[in-house]
Each structure stands twice: as structure tokens, then as C-alpha cells.
Amino acid sequence: MELMHPQCAGLDVHQHTVVACARVVAGSSVTHDVRKLRHDHPGAVGAQRLAHRPRLHPRGDGIDGRVLETRWHVLEGHVELVLANAMHIRNIPGRKSDVNDATWIADLLAHGLIRGSFVPPAPIQELRDLTRTRKQLVREITQHTLRIQKTLETANLKLTGVLTDILA
């Protein structure tokens, strides 16, 4: 199989830990340098991950690609990232560990077997977040309005025949 990225890294990201596997080809030998980073305080995970950024690729700047199973916006712009769909890179069933996952991801990337998922540009991501928040707020307003209307009808106050909007 053709080797597309001789030096790359696979990252297996979890809520409190990140397992990074740097895959480096030197001559005919392949080495995997695996590191596990643990974040004890969930509120500071983003800052801690950014602080650990140099340790995610222990071999230095020679790493030319990194693959993630999940989004990790902290590293965008600092390294080349490929967002991989977990369903597409699922490992063979059997003994499963985070180290095996990170190594598997690095090997798949090295041979060009990972197709990156679409990640929209930052302004589009912000617009999506805004519209999703608005949609959720409209849903909550509707739910509260219906709850108020039901409470009033339980008390034999049928205002819907007189008012078009109970909250106005």
C-alpha cells in the first residue's frame, strides 16, 4: 500500500483524556510514539489542551498530518487537522483501547485511507450556532406558552377564544 504521509499523528479525543500517537517512518522501520494526556478539571480542558499542544506531536514539526475522531477547535490554524467520521475509521472488533485507536488512526492516515469530513469555515459555524440557539429559544417559548394555557384552562379560564396571544 502506498505511503502518503510518512510522519503523521492520530489523536483519540475523549472528555478528560487525549491519546496521541505520532507515527514516524525512518528507513524501513515504523515507530509509534504514544502519549496519553489527562485533564482533571473539565472546565479547563480547552486551555489545558492548548497548553499541551507541543506534546501532542513529540517528534517535532515533521508531523505533516493529524486526524481527529471529534472536533477540537483549539488546534485549528496551528496544525493540519483532518476531522474523521468515527463510523468510517472504526477498528476491527476485539480488544479495544485508546492506545490502539490512536495507533490505528495514525496508520490509516499514513496510507491515505481517511477521508476528512466537511468542516465549514468559522463564520458559517458561528451562524449555525446562532440559528440553533434561536431555534431552541423559540421552542422553549412555545412550550412555556402551552404550559400557561393549559394551567389557565384547568382553572376554567378559556382565554384563547378572546385573545390571540396569551403572553401579549
# chains A, B, ... in the order shown; residues from 1 in each chain; ligands from 1
>>> residues_around(residues="A:His5", least_positions_apart="2", cutoff="10 Å", atoms="only C-alpha atoms", output="list in words")
Glu2, Leu3, Gln7, Cys8, Ala9, Arg23, Val24, Val25, Ile63, Asp64, Gly65, Ala106, Asp107, Leu108, Leu109, Ala110, His111 and Gly112 of chain A
>>> atom_distance(atom1="atom CA of A:Ser97", atom2="atom CA of A:Lys36")
11.8 Å
>>> closest_residue(among="A:Leu137, A:Val34, A:Ala22, A:Met4", to="A:Val99", atoms="only C-alpha atoms")
A:Val34
>>> closest_residue(among="A:Thr103, A:Asn85, A:Gln136, A:Thr31", to="A:Val19", atoms="only C-alpha atoms")
A:Thr103
>>> residues_around(residues="A:Asp165", least_positions_apart="5", cutoff="12 Å", atoms="only C-alpha atoms", output="list in words")
Thr142, Thr145, Leu146, Ile148, Gln149, Leu159 and Thr160 of chain A
>>> atom_distance(atom1="atom CA of A:Pro121", atom2="atom CA of A:Asp98")
29.5 Å
